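my_file_25.cif follows; it contains mmCIF, C-alpha atoms, pLDDT in the B column; chains and numbers go by the auth columns.
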```cif
data_coords
loop_
_atom_site.group_PDB
_atom_site.id
_atom_site.type_symbol
_atom_site.label_atom_id
_atom_site.label_comp_id
_atom_site.label_asym_id
_atom_site.label_seq_id
_atom_site.Cartn_x
_atom_site.Cartn_y
_atom_site.Cartn_z
_atom_site.B_iso_or_equiv
_atom_site.auth_seq_id
_atom_site.auth_asym_id
ATOM 1 C CA MET A 1 41.753 53.105 144.169 29.00 113 A
ATOM 2 C CA LEU A 2 43.317 55.349 141.552 30.00 114 A
ATOM 3 C CA HIS A 3 44.741 54.134 138.273 31.00 115 A
ATOM 4 C CA CYS A 4 46.472 55.819 135.350 32.00 116 A
ATOM 5 C CA VAL A 5 46.113 56.068 131.625 31.00 117 A
ATOM 6 C CA GLY A 6 49.027 56.755 129.305 30.00 118 A
ATOM 7 C CA GLU A 7 52.706 56.265 129.965 30.00 119 A
ATOM 8 C CA ILE A 8 55.265 57.215 132.576 33.00 120 A
ATOM 9 C CA SER A 9 57.942 56.739 129.955 33.00 121 A
ATOM 10 C CA PRO A 10 57.943 55.221 126.461 34.00 122 A
ATOM 11 C CA ASN A 11 58.696 51.820 128.028 35.00 123 A
ATOM 12 C CA VAL A 12 56.433 51.832 131.092 34.00 124 A
ATOM 13 C CA LYS A 13 52.778 51.016 130.462 39.00 125 A
ATOM 14 C CA ILE A 14 50.161 51.528 133.147 38.00 126 A
ATOM 15 C CA ALA A 15 46.433 50.870 133.502 36.00 127 A
ATOM 16 C CA ARG A 16 43.488 53.062 132.580 34.00 128 A
ATOM 17 C CA GLY A 17 42.231 55.761 134.919 47.00 129 A
ATOM 18 C CA ILE A 18 42.352 59.512 135.636 57.00 130 A
ATOM 19 C CA PHE A 19 45.728 60.508 134.180 60.00 131 A
ATOM 20 C CA ARG A 20 46.745 60.706 130.531 53.00 132 A
ATOM 21 C CA GLU A 21 49.806 61.238 128.410 47.00 133 A
ATOM 22 C CA SER A 22 50.016 64.139 126.004 42.00 134 A
ATOM 23 C CA ARG A 23 47.878 63.999 122.876 40.00 135 A
ATOM 24 C CA TYR A 24 48.830 62.799 119.438 33.00 136 A
ATOM 25 C CA GLY A 25 50.540 59.703 120.853 34.00 137 A
ATOM 26 C CA ARG A 26 53.508 61.550 122.334 36.00 138 A
ATOM 27 C CA VAL A 27 54.488 61.537 125.985 36.00 139 A
ATOM 28 C CA PRO A 28 55.049 65.039 127.377 35.00 140 A
ATOM 29 C CA CYS A 29 58.689 64.254 128.069 33.00 141 A
ATOM 30 C CA ASP A 30 61.001 61.276 128.464 34.00 142 A
ATOM 31 C CA ILE A 31 61.058 60.297 132.134 36.00 143 A
ATOM 32 C CA SER A 32 63.808 57.743 132.699 39.00 144 A
ATOM 33 C CA PRO A 33 62.259 54.506 134.021 42.00 145 A
ATOM 34 C CA MET A 34 65.453 53.873 136.002 42.00 146 A
ATOM 35 C CA ALA A 35 64.738 56.927 138.149 42.00 147 A
ATOM 36 C CA GLU A 36 61.434 55.338 139.226 65.00 148 A
ATOM 37 C CA ILE A 37 62.628 51.770 139.711 77.00 149 A
ATOM 38 C CA GLU A 38 65.621 52.895 141.768 79.00 150 A
ATOM 39 C CA ALA A 39 63.267 54.532 144.268 77.00 151 A
ATOM 40 C CA ILE A 40 61.233 51.304 144.470 84.00 152 A
ATOM 41 C CA ARG A 41 64.368 49.188 144.914 87.00 153 A
ATOM 42 C CA ALA A 42 65.615 51.455 147.674 86.00 154 A
ATOM 43 C CA ALA A 43 62.297 51.115 149.525 86.00 155 A
ATOM 44 C CA VAL A 44 62.305 47.313 149.209 92.00 156 A
ATOM 45 C CA GLU A 45 65.924 46.974 150.308 92.00 157 A
ATOM 46 C CA ARG A 46 65.345 49.300 153.243 89.00 158 A
ATOM 47 C CA GLU A 47 62.420 47.174 154.468 91.00 159 A
ATOM 48 C CA MET A 48 64.340 43.940 153.855 94.00 160 A
ATOM 49 C CA LYS A 49 67.219 45.139 156.008 93.00 161 A
ATOM 50 C CA ALA A 50 64.912 46.403 158.765 91.00 162 A
ATOM 51 C CA LYS A 51 62.981 43.119 158.919 92.00 163 A
ATOM 52 C CA GLY A 52 65.831 40.688 158.362 94.00 164 A
ATOM 53 C CA PHE A 53 64.887 39.368 154.925 95.00 165 A
ATOM 54 C CA SER A 54 67.366 37.904 152.480 95.00 166 A
ATOM 55 C CA ARG A 55 66.465 37.628 148.802 95.00 167 A
ATOM 56 C CA ARG A 56 65.754 33.942 149.285 95.00 168 A
ATOM 57 C CA SER A 57 63.549 34.399 152.351 96.00 169 A
ATOM 58 C CA LEU A 58 61.690 37.265 150.698 96.00 170 A
ATOM 59 C CA SER A 59 60.993 35.212 147.586 95.00 171 A
ATOM 60 C CA LYS A 60 59.591 32.424 149.764 95.00 172 A
ATOM 61 C CA ALA A 61 57.443 34.787 151.859 95.00 173 A
ATOM 62 C CA ALA A 62 56.130 36.543 148.716 95.00 174 A
ATOM 63 C CA ASP A 63 55.536 33.275 146.814 95.00 175 A
ATOM 64 C CA LEU A 64 57.861 34.450 144.048 95.00 176 A
ATOM 65 C CA SER A 65 60.838 32.821 142.403 94.00 177 A
ATOM 66 C CA GLU A 66 64.282 33.897 143.547 94.00 178 A
ATOM 67 C CA SER A 67 64.905 35.187 140.037 94.00 179 A
ATOM 68 C CA ALA A 68 61.828 37.450 140.271 93.00 180 A
ATOM 69 C CA VAL A 69 63.145 39.054 143.453 95.00 181 A
ATOM 70 C CA ARG A 70 66.641 39.317 141.959 94.00 182 A
ATOM 71 C CA ASP A 71 65.251 41.000 138.858 93.00 183 A
ATOM 72 C CA LEU A 72 63.231 43.440 140.941 92.00 184 A
ATOM 73 C CA LEU A 73 66.319 44.469 142.895 93.00 185 A
ATOM 74 C CA THR A 74 68.877 44.498 140.077 92.00 186 A
ATOM 75 C CA ARG A 75 67.520 44.177 136.537 88.00 187 A
ATOM 76 C CA THR A 76 63.978 44.954 135.468 83.00 188 A
ATOM 77 C CA ASP A 77 62.762 48.512 134.841 78.00 189 A
ATOM 78 C CA ASN A 78 59.093 47.508 135.147 77.00 190 A
ATOM 79 C CA PRO A 79 58.461 44.755 137.724 82.00 191 A
ATOM 80 C CA GLY A 80 54.666 44.840 137.421 80.00 192 A
ATOM 81 C CA ILE A 81 52.086 45.713 140.046 79.00 193 A
ATOM 82 C CA GLY A 82 51.451 42.016 140.840 85.00 194 A
ATOM 83 C CA THR A 83 55.074 41.473 141.864 89.00 195 A
ATOM 84 C CA LEU A 84 55.137 44.696 143.873 88.00 196 A
ATOM 85 C CA ARG A 85 51.933 43.752 145.666 88.00 197 A
ATOM 86 C CA LYS A 86 53.315 40.348 146.694 93.00 198 A
ATOM 87 C CA VAL A 87 56.577 41.891 147.879 94.00 199 A
ATOM 88 C CA ALA A 88 54.745 44.582 149.829 90.00 200 A
ATOM 89 C CA GLU A 89 52.532 42.001 151.535 92.00 201 A
ATOM 90 C CA ALA A 90 55.549 39.879 152.472 94.00 202 A
ATOM 91 C CA LEU A 91 57.273 42.948 153.920 93.00 203 A
ATOM 92 C CA GLU A 92 54.042 43.939 155.724 90.00 204 A
ATOM 93 C CA MET A 93 53.946 47.385 154.108 86.00 205 A
ATOM 94 C CA PRO A 94 51.303 49.127 151.947 81.00 206 A
ATOM 95 C CA VAL A 95 51.870 48.667 148.227 79.00 207 A
ATOM 96 C CA ASP A 96 51.195 52.412 147.946 74.00 208 A
ATOM 97 C CA ALA A 97 54.482 52.970 149.750 74.00 209 A
ATOM 98 C CA LEU A 98 56.207 51.421 146.728 76.00 210 A
ATOM 99 C CA THR A 99 54.050 52.743 143.880 70.00 211 A
ATOM 100 C CA GLY A 100 53.220 56.206 145.205 66.00 212 A
ATOM 101 C CA ALA A 101 49.469 55.644 144.715 65.00 213 A
ATOM 102 C CA GLY A 102 47.253 57.241 147.332 64.00 214 A
ATOM 103 C CA LEU A 103 49.628 60.154 147.889 73.00 215 A
ATOM 104 C CA THR A 104 48.931 63.736 146.887 81.00 216 A
ATOM 105 C CA VAL A 105 50.591 66.642 145.085 85.00 217 A
ATOM 106 C CA PRO A 106 50.039 70.332 145.956 86.00 218 A
ATOM 107 C CA VAL A 107 48.309 72.555 143.373 87.00 219 A
ATOM 108 C CA LEU A 108 50.420 75.726 143.417 84.00 220 A
ATOM 109 C CA GLY A 109 48.346 77.919 141.145 83.00 221 A
ATOM 110 C CA LYS A 110 46.554 78.466 137.849 82.00 222 A
ATOM 111 C CA ILE A 111 47.923 79.038 134.374 68.00 223 A
ATOM 112 C CA GLY A 112 46.169 82.218 133.318 56.00 224 A
ATOM 113 C CA ALA A 113 45.537 83.824 129.951 48.00 225 A
ATOM 114 C CA GLY A 114 48.802 84.121 128.042 57.00 226 A
ATOM 115 C CA GLY A 115 50.331 81.310 130.047 57.00 227 A
ATOM 116 C CA GLU A 116 51.288 83.002 133.316 61.00 228 A
ATOM 117 C CA VAL A 117 50.986 80.906 136.464 65.00 229 A
ATOM 118 C CA LEU A 118 49.358 82.736 139.338 59.00 230 A
ATOM 119 C CA PHE A 119 50.968 81.784 142.634 56.00 231 A
ATOM 120 C CA SER A 120 52.681 83.933 145.205 48.00 232 A
ATOM 121 C CA LEU A 121 54.789 81.626 147.348 46.00 233 A
ATOM 122 C CA ASP A 122 58.035 79.937 146.428 53.00 234 A
ATOM 123 C CA PRO A 123 57.434 76.266 145.435 50.00 235 A
ATOM 124 C CA ASP A 124 59.516 75.050 148.394 50.00 236 A
ATOM 125 C CA GLU A 125 57.301 77.055 150.765 52.00 237 A
ATOM 126 C CA GLU A 126 54.093 75.915 149.062 49.00 238 A
ATOM 127 C CA LEU A 127 55.088 72.257 149.267 48.00 239 A
ATOM 128 C CA HIS A 128 55.103 72.555 153.059 51.00 240 A
ATOM 129 C CA ALA A 129 52.012 74.760 153.401 53.00 241 A
ATOM 130 C CA THR A 130 48.901 73.251 154.998 56.00 242 A
ATOM 131 C CA ASN A 131 46.186 75.246 153.200 70.00 243 A
ATOM 132 C CA VAL A 132 47.183 74.370 149.629 77.00 244 A
ATOM 133 C CA PRO A 133 44.733 72.227 147.573 85.00 245 A
ATOM 134 C CA VAL A 134 46.031 68.831 146.519 85.00 246 A
ATOM 135 C CA VAL A 135 45.416 66.303 143.737 88.00 247 A
ATOM 136 C CA PRO A 136 46.242 62.565 143.509 85.00 248 A
ATOM 137 C CA ARG A 137 49.868 61.693 142.858 80.00 249 A
ATOM 138 C CA PRO A 138 50.572 59.633 139.724 78.00 250 A
ATOM 139 C CA PRO A 139 51.876 56.158 140.687 67.00 251 A
ATOM 140 C CA LEU A 140 55.411 54.913 140.056 63.00 252 A
ATOM 141 C CA VAL A 141 56.888 58.421 140.031 66.00 253 A
ATOM 142 C CA SER A 142 59.540 59.336 142.583 62.00 254 A
ATOM 143 C CA GLY A 143 60.687 62.771 143.674 71.00 255 A
ATOM 144 C CA ARG A 144 58.894 65.995 144.572 79.00 256 A
ATOM 145 C CA LEU A 145 56.085 67.063 142.254 84.00 257 A
ATOM 146 C CA MET A 146 53.920 70.156 141.976 85.00 258 A
ATOM 147 C CA ALA A 147 50.675 70.628 140.070 89.00 259 A
ATOM 148 C CA LEU A 148 49.173 73.604 138.220 89.00 260 A
ATOM 149 C CA GLU A 149 45.650 74.146 136.875 88.00 261 A
ATOM 150 C CA VAL A 150 45.342 75.271 133.267 86.00 262 A
ATOM 151 C CA GLN A 151 43.092 78.202 132.425 79.00 263 A
ATOM 152 C CA GLY A 152 42.807 80.247 129.241 77.00 264 A
ATOM 153 C CA SER A 153 43.395 79.139 125.659 76.00 265 A
ATOM 154 C CA SER A 154 47.028 79.974 124.853 73.00 266 A
ATOM 155 C CA MET A 155 48.010 76.275 124.711 78.00 267 A
ATOM 156 C CA LEU A 156 44.936 74.870 122.942 78.00 268 A
ATOM 157 C CA PRO A 157 44.502 72.210 121.642 81.00 269 A
ATOM 158 C CA LYS A 158 47.372 70.704 123.637 84.00 270 A
ATOM 159 C CA TYR A 159 46.134 71.750 127.064 85.00 271 A
ATOM 160 C CA GLU A 160 42.574 72.731 127.936 85.00 272 A
ATOM 161 C CA ALA A 161 41.249 74.954 130.705 84.00 273 A
ATOM 162 C CA GLY A 162 40.587 72.984 133.887 88.00 274 A
ATOM 163 C CA GLU A 163 43.251 70.357 133.251 91.00 275 A
ATOM 164 C CA ILE A 164 45.927 69.749 135.871 91.00 276 A
ATOM 165 C CA ILE A 165 49.545 69.477 134.779 90.00 277 A
ATOM 166 C CA TYR A 166 52.207 67.810 136.920 90.00 278 A
ATOM 167 C CA VAL A 167 55.856 68.846 136.888 88.00 279 A
ATOM 168 C CA ALA A 168 58.874 68.031 139.043 85.00 280 A
ATOM 169 C CA ALA A 169 59.427 70.661 141.732 81.00 281 A
ATOM 170 C CA PRO A 170 62.453 72.782 140.726 81.00 282 A
ATOM 171 C CA ASN A 171 65.744 72.282 142.531 73.00 283 A
ATOM 172 C CA GLY A 172 66.344 75.969 143.158 64.00 284 A
ATOM 173 C CA SER A 173 67.365 78.841 140.930 59.00 285 A
ATOM 174 C CA GLY A 174 69.133 77.944 137.689 67.00 286 A
ATOM 175 C CA SER A 175 67.505 74.521 137.491 80.00 287 A
ATOM 176 C CA ILE A 176 66.884 73.596 133.862 89.00 288 A
ATOM 177 C CA ALA A 177 65.866 69.949 133.500 83.00 289 A
ATOM 178 C CA PRO A 178 68.054 68.037 130.994 82.00 290 A
ATOM 179 C CA ASN A 179 65.021 67.134 128.869 87.00 291 A
ATOM 180 C CA ALA A 180 63.443 70.602 129.051 92.00 292 A
ATOM 181 C CA ILE A 181 64.570 71.909 125.655 94.00 293 A
ATOM 182 C CA GLY A 182 61.799 71.311 123.120 94.00 294 A
ATOM 183 C CA SER A 183 59.372 70.155 125.825 93.00 295 A
ATOM 184 C CA TYR A 184 56.204 71.655 127.257 91.00 296 A
ATOM 185 C CA CYS A 185 57.390 73.109 130.557 90.00 297 A
ATOM 186 C CA ALA A 186 56.436 75.191 133.529 88.00 298 A
ATOM 187 C CA VAL A 187 58.993 77.991 133.154 88.00 299 A
ATOM 188 C CA ARG A 188 59.953 80.585 135.752 86.00 300 A
ATOM 189 C CA THR A 189 61.614 83.699 134.337 88.00 301 A
ATOM 190 C CA VAL A 190 64.132 85.926 136.099 87.00 302 A
ATOM 191 C CA GLU A 191 61.548 88.739 135.915 86.00 303 A
ATOM 192 C CA GLY A 192 59.215 86.665 138.094 79.00 304 A
ATOM 193 C CA GLY A 193 56.613 85.334 135.660 81.00 305 A
ATOM 194 C CA THR A 194 55.823 81.621 135.519 82.00 306 A
ATOM 195 C CA TYR A 195 54.470 80.199 132.269 86.00 307 A
ATOM 196 C CA LEU A 196 53.364 77.015 130.558 87.00 308 A
ATOM 197 C CA LYS A 197 55.419 77.163 127.361 89.00 309 A
ATOM 198 C CA ILE A 198 57.526 75.156 124.944 92.00 310 A
ATOM 199 C CA LEU A 199 61.130 75.894 125.950 94.00 311 A
ATOM 200 C CA THR A 200 63.587 76.451 123.077 96.00 312 A
ATOM 201 C CA LEU A 201 67.081 77.896 122.835 95.00 313 A
ATOM 202 C CA ALA A 202 67.398 81.516 121.749 94.00 314 A
ATOM 203 C CA ALA A 203 70.063 83.020 119.507 90.00 315 A
ATOM 204 C CA GLN A 204 71.576 84.858 122.464 91.00 316 A
ATOM 205 C CA GLU A 205 73.670 82.583 124.673 90.00 317 A
ATOM 206 C CA GLY A 206 72.079 81.822 128.020 90.00 318 A
ATOM 207 C CA ARG A 207 68.635 83.005 126.874 95.00 319 A
ATOM 208 C CA PHE A 208 65.547 81.082 125.795 96.00 320 A
ATOM 209 C CA THR A 209 62.478 81.488 123.598 96.00 321 A
ATOM 210 C CA LEU A 210 59.154 80.533 125.192 93.00 322 A
ATOM 211 C CA ARG A 211 56.585 79.376 122.659 92.00 323 A
ATOM 212 C CA SER A 212 52.812 79.051 122.898 86.00 324 A
ATOM 213 C CA LEU A 213 50.404 77.458 120.459 84.00 325 A
ATOM 214 C CA ASN A 214 48.046 80.448 120.351 82.00 326 A
ATOM 215 C CA ALA A 215 50.120 83.401 121.567 82.00 327 A
ATOM 216 C CA PRO A 216 53.241 85.270 120.381 87.00 328 A
ATOM 217 C CA ASP A 217 56.658 83.867 121.277 90.00 329 A
ATOM 218 C CA MET A 218 58.559 85.356 124.218 92.00 330 A
ATOM 219 C CA GLU A 219 62.083 85.771 122.841 94.00 331 A
ATOM 220 C CA ASN A 220 65.508 86.028 124.526 94.00 332 A
ATOM 221 C CA VAL A 221 64.154 85.364 128.020 94.00 333 A
ATOM 222 C CA GLU A 222 66.308 84.728 131.086 94.00 334 A
ATOM 223 C CA VAL A 223 65.000 81.586 132.775 93.00 335 A
ATOM 224 C CA GLU A 224 65.285 80.824 136.490 90.00 336 A
ATOM 225 C CA TRP A 225 64.000 77.261 136.198 89.00 337 A
ATOM 226 C CA ALA A 226 62.144 75.049 133.731 91.00 338 A
ATOM 227 C CA CYS A 227 60.398 71.757 134.521 89.00 339 A
ATOM 228 C CA PRO A 228 58.841 69.583 131.772 91.00 340 A
ATOM 229 C CA VAL A 229 55.232 68.447 132.068 90.00 341 A
ATOM 230 C CA LEU A 230 55.201 64.844 133.303 89.00 342 A
ATOM 231 C CA PHE A 231 51.488 64.039 133.558 89.00 343 A
ATOM 232 C CA VAL A 232 48.141 65.611 132.754 90.00 344 A
ATOM 233 C CA MET A 233 44.887 65.064 134.653 89.00 345 A
ATOM 234 C CA PRO A 234 41.937 65.893 132.356 88.00 346 A
ATOM 235 C CA ARG A 235 39.332 68.295 133.643 82.00 347 A
ATOM 236 C CA GLN A 236 37.060 66.544 136.110 70.00 348 A
ATOM 237 C CA PRO A 237 33.268 67.017 135.685 65.00 349 A
ATOM 238 C CA GLN A 238 31.733 69.053 138.491 56.00 350 A
ATOM 239 C CA PRO A 239 28.805 67.678 140.499 49.00 351 A
ATOM 240 C CA GLU A 240 25.432 68.984 139.354 50.00 352 A
ATOM 241 C CA SER A 241 24.849 70.627 142.718 43.00 353 A
ATOM 242 C CA LEU A 242 27.973 72.753 142.270 39.00 354 A
ATOM 243 C CA LEU A 243 27.041 73.766 138.733 40.00 355 A
ATOM 244 C CA GLN A 244 23.699 75.079 139.960 47.00 356 A
ATOM 245 C CA LYS A 245 25.213 77.399 142.558 43.00 357 A
#
```

In structure tokens, write the structure found in this file.
Amino acid sequence: MLHCVGEISPNVKIARGIFRESRYGRVPCDISPMAEIEAIRAAVEREMKAKGFSRRSLSKAADLSESAVRDLLTRTDNPGIGTLRKVAEALEMPVDALTGAGLTVPVLGKIGAGGEVLFSLDPDEELHATNVPVVPRPPLVSGRLMALEVQGSSMLPKYEAGEIIYVAAPNGSGSIAPNAIGSYCAVRTVEGGTYLKILTLAAQEGRFTLRSLNAPDMENVEVEWACPVLFVMPRQPQPESLLQK
């Protein structure tokens, strides 16, 4: 069973495990907790309707107070894994279907020297490909995600070679996430390069400056899409047998 370390947002704490937030005590970006809880609520309400549960009957079946079920469906941003587990059991569904644990995210490429991401297919095509490597999906995150493996040193000490970054899959050309400015992002330029950079506004309207920690800035760049880093999976140690090959 996979667990997390770090934060999904400044207000959502989760248990220790294979994921981490960004270093220096700062989350990579501000993910709204409401976006996550709304997906959970929708799943619970969908199962309630399909199986004929009212809030009262669900609270009884889950051994929860009616107020706990009401809060889950209308108020709280962080219901807790214990509450979700009880609700899932009462609805006869896997708790992973609510939390997202146990699911996977496609790894679309590697971030090479200088920050460029090396993948050939469009993210929408890659997300449906069958031969793409995958990594565990962080729990309590809704929406489509893609993952990229860091290589090179242009973003040291923030990101190290071998780490996996997770970003939301872009919603087509011209998609700049609202919280992208000033954040570490996967950035696709109009010229076709994809980079792990800090996205900032440029002096020229409609253009951006892409900043690295250990490489020159890319100034006045036209950006096709930019998606902030949501999670980081630290580099996983390789088995001794693999290291000897």

Margin query: List the spatial neighbours of range 285-297 of chain A as a PyMOL selection string - criterion: any atom at most 6 Å away, all atoms listed in the file, same-chain residues fewer than 3 positions off excluded.
Written below: chain A and resi 308-312+336-341

Margin query: Given the PyMOL selection byres ((chain A and resi 195-199) around 12) and the file above, list the residues it selects as JSON, numbers by chain.
Written below: {"A": [149, 152, 153, 155, 156, 157, 159, 160, 165, 167, 169, 170, 171, 172, 173, 174, 175, 176, 177, 178, 179, 180, 181, 182, 183, 184, 185, 188, 190, 191, 192, 193, 194, 200, 201, 202, 203, 204, 205, 206, 207, 208, 209, 210, 211, 212, 252]}

Next item on the list: Please measure the separation of CA of Ala154 in chain A and CA of Val279 in chain A, giving the value in Å to one decimal.
Entry: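 That distance, rounded to one decimal, is 22.7 Å.
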
Next item on the list: Go ahead and compute the interatomic distance for CA of Leu325 in chain A and CA of Met267 in chain A, in Å to one decimal.
Entry: 5.0 Å

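For range 316-320 of chain A, the set of protein, DNA and RNA residues having any atom at most 8 Å away, when counting all atoms listed in the file and skipping those fewer than 3 positions along the same chain, is Leu311, Thr312, Leu313, Glu331, Asn332, Val333, Glu334 and Val335 of chain A.
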
Next item on the list: Report the distance between CA of Val302 in chain A and CA of Ala314 in chain A in Å, rounded to one decimal place.
Entry: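 Interatomic distance, CA of Val302 in chain A to CA of Ala314 in chain A: 15.4 Å.
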
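Nearest residue to Ala259 in chain A among A:Tyr271, A:Tyr278, A:Tyr307, A:Phe343 is A:Tyr278, counting all atoms listed in the file.
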
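Compared by their closest atoms to Val247 in chain A, and using only C-alpha atoms, the residues A:Gln263, A:Ile277, A:Val299, A:Leu322 rank with A:Ile277 nearest.
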
Next item on the list: Compare A:Lys163, A:Ala280, A:Val344, A:Asn326 by their minimum atom-to-atom distance to Pro248 in chain A, counting only C-alpha atoms, and give me the closest one.
Entry: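 So, comparing all the options, the nearest one is A:Val344.
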
Notebook entry, point to check: How would you write, as a ChimeraX atom specification, the residues chosen by the PyMOL selection byres ((chain A and resi 218) around 7) on this structure?
Noted result: /A:216-217,219-220,239,244-247,258-259

Notebook entry, point to check: Counting all atoms listed in the file, which of A:Thr301, A:Thr306, A:Ser266, A:Asn283 gets nearest to Lys222 in chain A?
Noted result: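 Closest to Lys222 in chain A of all the choices is A:Thr306.
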